[in-house]
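Heads up, the thing below is written out as structure tokens.
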Amino acid sequence: MSKFWSPFVNSLVPYVPGEQPKLTKLVKLNTNENPYGPSPKALAAMRAELTDDLRLYPDPNSDLLKQAVATYYGVQTSHVFLGNGSDEVLAHVFNAFFQHGKPLLFPDISYSFYPVYCGLYGIEFDAVALDEQFQIRVSDYARPNGGIIFPNPNAPTGCVVALDAVEQMLKASPDSVVVVDEAYIDFGGETAISLVERYPNLLVTQTLSKSRSLAGLRVGLAIGHPDLIEALERVKNSFNSYPLDRLAIVGAAAAFEDREHFDFTRNAVIASREALTAELQTLGFEVLPSAANFIFARHPQHDAAGIAAKLREQGVIVRHFKQERIAQFLRISIGTPEQNQALLDGLAGL
Ligand SMILES: *Cc1c(COP(=O)(O)O)cnc(C)c1O
């Protein structure tokens, strides 16, 4: 605290991301990064962009990337918004759509950045409890609200809501913006982008950090009705005209064009997820059904924090959340088969 701070800064409770260790030998299964590298075509496009042109500002509208995203999803560029990671997109979403004096709804077990944005923008929220199986029950959201947001698949559970249930939610709250945060959709869920034409209250966000292996590049996007996109552009252009740099624009566009690499890596992650799930079940873990690039698991006889500490001693890091309802779970990102084996080795003799 300091007399120089604007008063609201005192009450901020910032998000704490998973550890990015300086030790490179660790098997890092704690922040849902992709274990495989980005598209070689994306890397080549970025290398070609490393020229004296970096003295020039980038295109403030990132038109090249907007077009690549629009082509990939079969929408118009007027349906596409881009940002410096989907975290920045989400920040603008909270600012643009959720300040209506009624509580925002999101699951009690969900992405822990949501309450942080509420704190930043002074947005009231109600955390809606997941059911006993840790699933989102869509009927619980059919009540007065100032907006709805949820990850699909949910984080950190990995559980997915079917598209017809998402549609039910959109129908039940026609006067609110419903945001489906699809950070992990490419690992098993069905995207809601096909509903954007019919539901002007739907906004879908995605990121290149997980399924496209570009967490370090910071590119996220939103797709929705042009009226929603216009609000986001107004907020963005009142905040930072150039959230995407020259490298990000060309690298992300090339990543969307390289479907082959995308399919190869995500299929490898999905296959490893199924294999690791089976192995953990053999060790006695309960594993929630995952459609993401991570699994959420607990062991009926062993304390989760204890398991995490034991794994760390053996050079494997996973994520443990202190929130009471999930304090006995570990969130384990899917690694390469070798990394997953290191995890299993670390669990031997539990
Ligand atoms: C990882 C993640 C994001 C943020 O992704 P970035 O594009 O890297 O900012 C957003 N939502 C959820 C649920 C995530 O897990």
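Scheme for the structure tokens: letters A, B, ... for chains in order shown; per-chain residue numbers from 1; ligand numbers from 1 in order shown.
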Mind dumping a table of every range 106-137 of chain A residue within 9 Å of range 9-13 of chain A, with the nearest atom pair and its distance in Å to one decimal, using only C-alpha atoms, sorted by chain and rising number, as a Markdown table?
| residue | atom | partner | partner_atom | distance |
| --- | --- | --- | --- | --- |
| A:Pro115 | CA | A:Val13 | CA | 8.9 |
| A:Val116 | CA | A:Val13 | CA | 6.3 |
| A:Gly119 | CA | A:Leu12 | CA | 6.2 |
| A:Leu120 | CA | A:Leu12 | CA | 6.4 |
Could you save the residues just selected, with N, CA and C atoms, as a PDB file, in the first residue's frame?
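Final output, saved to result11.pdb:
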ATOM      1  N   PRO A 115     -13.294 -14.086 -11.212  1.00  0.00           N
ATOM      2  CA  PRO A 115     -13.523 -13.183 -10.076  1.00  0.00           C
ATOM      3  C   PRO A 115     -12.507 -12.038 -10.010  1.00  0.00           C
ATOM      4  N   VAL A 116     -11.326 -12.260 -10.572  1.00  0.00           N
ATOM      5  CA  VAL A 116     -10.314 -11.194 -10.578  1.00  0.00           C
ATOM      6  C   VAL A 116     -10.775 -10.031 -11.473  1.00  0.00           C
ATOM      7  N   GLY A 119     -13.348  -8.074  -9.752  1.00  0.00           N
ATOM      8  CA  GLY A 119     -12.754  -7.142  -8.803  1.00  0.00           C
ATOM      9  C   GLY A 119     -12.210  -5.907  -9.493  1.00  0.00           C
ATOM     10  N   LEU A 120     -11.584  -6.099 -10.642  1.00  0.00           N
ATOM     11  CA  LEU A 120     -10.981  -4.978 -11.364  1.00  0.00           C
ATOM     12  C   LEU A 120     -12.045  -3.995 -11.837  1.00  0.00           C
TER      13      LEU A 120
END
Could you pull out the alpha helix (DSSP H) residues of range 131-247 of chain A, going by DSSP on the backbone, and write them as a VMD selection string?
chain A and resid 163 to 172 226 to 236 246 to 247
Exercise answer, 6 Å around ligand 1 with only C-alpha atoms and all ligand atoms, as an MDAnalysis selection string:
chainID A and resid 85:87 111 151 155 181 183 207 209 215 218:220
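With only C-alpha atoms as the atoms that count, the minimum distance from Ser110 in chain A to the choices A:Asn95, A:Thr157, A:Ser272, A:Asn34 is reached by A:Thr157.
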Can you list every residue in range 84-326 of chain A that DSSP puts in strand (DSSP E or B), as number ranges by chain?
A: 104-107, 125-128, 148-151, 178-181, 202-207, 220-224, 286-287, 294-299, 302, 316-317, 319
Write a file of the just-selected residues containing N, CA and C atoms, as an mmCIF file, in the first residue's frame.
data_model
loop_
_atom_site.group_PDB
_atom_site.id
_atom_site.type_symbol
_atom_site.label_atom_id
_atom_site.label_comp_id
_atom_site.auth_asym_id
_atom_site.auth_seq_id
_atom_site.Cartn_x
_atom_site.Cartn_y
_atom_site.Cartn_z
ATOM 1 N N LEU A 104 -23.205 -11.253 -12.474
ATOM 2 C CA LEU A 104 -22.672 -12.159 -13.491
ATOM 3 C C LEU A 104 -22.689 -13.564 -12.896
ATOM 4 N N LEU A 105 -23.029 -14.561 -13.719
ATOM 5 C CA LEU A 105 -23.029 -15.948 -13.251
ATOM 6 C C LEU A 105 -21.870 -16.718 -13.869
ATOM 7 N N PHE A 106 -21.139 -17.456 -13.030
ATOM 8 C CA PHE A 106 -20.172 -18.432 -13.538
ATOM 9 C C PHE A 106 -20.042 -19.561 -12.528
ATOM 10 N N PRO A 107 -19.513 -20.714 -12.939
ATOM 11 C CA PRO A 107 -19.451 -21.868 -12.027
ATOM 12 C C PRO A 107 -18.558 -21.597 -10.817
ATOM 13 N N PHE A 125 -20.937 -10.714 -8.756
ATOM 14 C CA PHE A 125 -21.127 -12.036 -9.372
ATOM 15 C C PHE A 125 -21.719 -13.030 -8.386
ATOM 16 N N ASP A 126 -22.364 -14.065 -8.947
ATOM 17 C CA ASP A 126 -22.815 -15.214 -8.171
ATOM 18 C C ASP A 126 -22.105 -16.441 -8.719
ATOM 19 N N ALA A 127 -21.416 -17.164 -7.854
ATOM 20 C CA ALA A 127 -20.777 -18.405 -8.281
ATOM 21 C C ALA A 127 -21.814 -19.517 -8.166
ATOM 22 N N VAL A 128 -22.137 -20.161 -9.268
ATOM 23 C CA VAL A 128 -23.168 -21.199 -9.317
ATOM 24 C C VAL A 128 -22.501 -22.559 -9.108
ATOM 25 N N ILE A 148 -23.403 -14.268 -18.382
ATOM 26 C CA ILE A 148 -22.980 -15.622 -18.004
ATOM 27 C C ILE A 148 -21.647 -15.887 -18.689
ATOM 28 N N ILE A 149 -20.735 -16.505 -17.948
ATOM 29 C CA ILE A 149 -19.485 -16.944 -18.590
ATOM 30 C C ILE A 149 -19.080 -18.284 -18.001
ATOM 31 N N PHE A 150 -18.607 -19.170 -18.858
ATOM 32 C CA PHE A 150 -18.065 -20.451 -18.377
ATOM 33 C C PHE A 150 -17.094 -20.992 -19.412
ATOM 34 N N PRO A 151 -16.057 -21.690 -18.935
ATOM 35 C CA PRO A 151 -15.165 -22.354 -19.885
ATOM 36 C C PRO A 151 -15.830 -23.644 -20.368
ATOM 37 N N VAL A 178 -23.879 -14.218 -23.210
ATOM 38 C CA VAL A 178 -23.390 -15.506 -22.715
ATOM 39 C C VAL A 178 -22.041 -15.769 -23.393
ATOM 40 N N VAL A 179 -20.995 -15.853 -22.583
ATOM 41 C CA VAL A 179 -19.649 -16.043 -23.123
ATOM 42 C C VAL A 179 -19.214 -17.489 -22.887
ATOM 43 N N VAL A 180 -18.878 -18.179 -23.962
ATOM 44 C CA VAL A 180 -18.355 -19.534 -23.857
ATOM 45 C C VAL A 180 -16.847 -19.446 -24.106
ATOM 46 N N ASP A 181 -16.094 -19.698 -23.040
ATOM 47 C CA ASP A 181 -14.627 -19.586 -23.080
ATOM 48 C C ASP A 181 -14.075 -20.939 -23.548
ATOM 49 N N LEU A 202 -24.535 -14.428 -28.050
ATOM 50 C CA LEU A 202 -23.451 -15.408 -27.853
ATOM 51 C C LEU A 202 -22.097 -14.822 -28.240
ATOM 52 N N LEU A 203 -21.130 -14.979 -27.360
ATOM 53 C CA LEU A 203 -19.748 -14.644 -27.693
ATOM 54 C C LEU A 203 -18.874 -15.854 -27.341
ATOM 55 N N VAL A 204 -18.089 -16.305 -28.299
ATOM 56 C CA VAL A 204 -17.186 -17.440 -28.085
ATOM 57 C C VAL A 204 -15.760 -16.905 -28.049
ATOM 58 N N THR A 205 -14.995 -17.274 -27.017
ATOM 59 C CA THR A 205 -13.579 -16.871 -26.989
ATOM 60 C C THR A 205 -12.707 -18.112 -27.152
ATOM 61 N N GLN A 206 -11.581 -17.919 -27.804
ATOM 62 C CA GLN A 206 -10.597 -18.997 -27.970
ATOM 63 C C GLN A 206 -9.191 -18.421 -27.844
ATOM 64 N N THR A 207 -8.237 -19.330 -27.776
ATOM 65 C CA THR A 207 -6.843 -18.916 -27.603
ATOM 66 C C THR A 207 -5.925 -19.773 -28.466
ATOM 67 N N GLY A 220 -5.277 -14.286 -28.602
ATOM 68 C CA GLY A 220 -6.594 -14.818 -28.299
ATOM 69 C C GLY A 220 -7.613 -14.154 -29.200
ATOM 70 N N LEU A 221 -8.831 -14.716 -29.236
ATOM 71 C CA LEU A 221 -9.842 -14.169 -30.136
ATOM 72 C C LEU A 221 -11.234 -14.369 -29.576
ATOM 73 N N ALA A 222 -12.158 -13.583 -30.120
ATOM 74 C CA ALA A 222 -13.572 -13.762 -29.797
ATOM 75 C C ALA A 222 -14.344 -13.750 -31.101
ATOM 76 N N ILE A 223 -15.412 -14.561 -31.152
ATOM 77 C CA ILE A 223 -16.280 -14.578 -32.322
ATOM 78 C C ILE A 223 -17.715 -14.387 -31.842
ATOM 79 N N GLY A 224 -18.403 -13.443 -32.468
ATOM 80 C CA GLY A 224 -19.783 -13.153 -32.082
ATOM 81 C C GLY A 224 -20.436 -12.216 -33.080
ATOM 82 N N GLU A 286 -9.439 -41.441 -9.005
ATOM 83 C CA GLU A 286 -10.698 -41.113 -9.676
ATOM 84 C C GLU A 286 -10.373 -39.967 -10.631
ATOM 85 N N VAL A 287 -10.687 -40.125 -11.908
ATOM 86 C CA VAL A 287 -10.363 -39.119 -12.916
ATOM 87 C C VAL A 287 -11.664 -38.620 -13.535
ATOM 88 N N PHE A 294 -5.849 -31.616 -20.217
ATOM 89 C CA PHE A 294 -5.448 -31.873 -18.830
ATOM 90 C C PHE A 294 -6.495 -32.796 -18.229
ATOM 91 N N ILE A 295 -6.140 -33.393 -17.105
ATOM 92 C CA ILE A 295 -7.134 -34.179 -16.376
ATOM 93 C C ILE A 295 -7.167 -33.695 -14.929
ATOM 94 N N PHE A 296 -8.296 -33.959 -14.281
ATOM 95 C CA PHE A 296 -8.519 -33.535 -12.909
ATOM 96 C C PHE A 296 -8.781 -34.809 -12.126
ATOM 97 N N ALA A 297 -7.895 -35.107 -11.174
ATOM 98 C CA ALA A 297 -7.938 -36.426 -10.548
ATOM 99 C C ALA A 297 -7.720 -36.337 -9.043
ATOM 100 N N ARG A 298 -8.319 -37.289 -8.333
ATOM 101 C CA ARG A 298 -8.068 -37.389 -6.883
ATOM 102 C C ARG A 298 -7.892 -38.847 -6.511
ATOM 103 N N HIS A 299 -7.173 -39.029 -5.413
ATOM 104 C CA HIS A 299 -6.948 -40.389 -4.928
ATOM 105 C C HIS A 299 -7.649 -40.535 -3.585
ATOM 106 N N HIS A 302 -4.949 -40.727 -0.659
ATOM 107 C CA HIS A 302 -3.761 -39.878 -0.538
ATOM 108 C C HIS A 302 -4.103 -38.400 -0.711
ATOM 109 N N VAL A 316 8.595 -33.347 -11.139
ATOM 110 C CA VAL A 316 7.365 -33.257 -11.942
ATOM 111 C C VAL A 316 6.437 -32.251 -11.273
ATOM 112 N N ILE A 317 6.012 -31.207 -11.996
ATOM 113 C CA ILE A 317 5.101 -30.262 -11.347
ATOM 114 C C ILE A 317 3.704 -30.325 -11.962
ATOM 115 N N ARG A 319 -0.649 -28.998 -10.939
ATOM 116 C CA ARG A 319 -1.284 -27.860 -10.273
ATOM 117 C C ARG A 319 -2.242 -28.338 -9.185
#
For range 338-350 of chain A, work out the shell of residues within 8 Å, counting only C-alpha atoms and skipping chain neighbours fewer than 4 positions away, then give it as a VMD selection string.
chain A and resid 27 272 276 279 to 280 302 307 310 to 311 314 316 334
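Closest approach to Ala275 in chain A from the set A:Pro337, A:Pro200, A:Gly189, A:Pro17 is made by A:Pro337, with distances taken over only C-alpha atoms.
Nearest residue to Ala44 in chain A among A:His100, A:Pro289, A:Gly315, A:Val250 is A:Val250, counting only C-alpha atoms.
Take the candidates A:Leu170, A:Leu26, A:Leu43, A:Ala291 and check each one against Phe187 in chain A using only C-alpha atoms; the shortest distance goes to A:Ala291.
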Measuring between only C-alpha atoms, which one of A:Pro38, A:Phe97, A:Leu23, A:Phe134 shows the shortest distance to Ile109 in chain A?
A:Phe134
So what do you get for CA of Thr282 in chain A versus CA of Glu190 in chain A, distance-wise?
29.2 Å
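In this comparison, which uses only C-alpha atoms, the residue of A:Arg273, A:Lys171, A:Lys41, A:Lys210 approaching Tyr141 in chain A most closely is A:Lys171.
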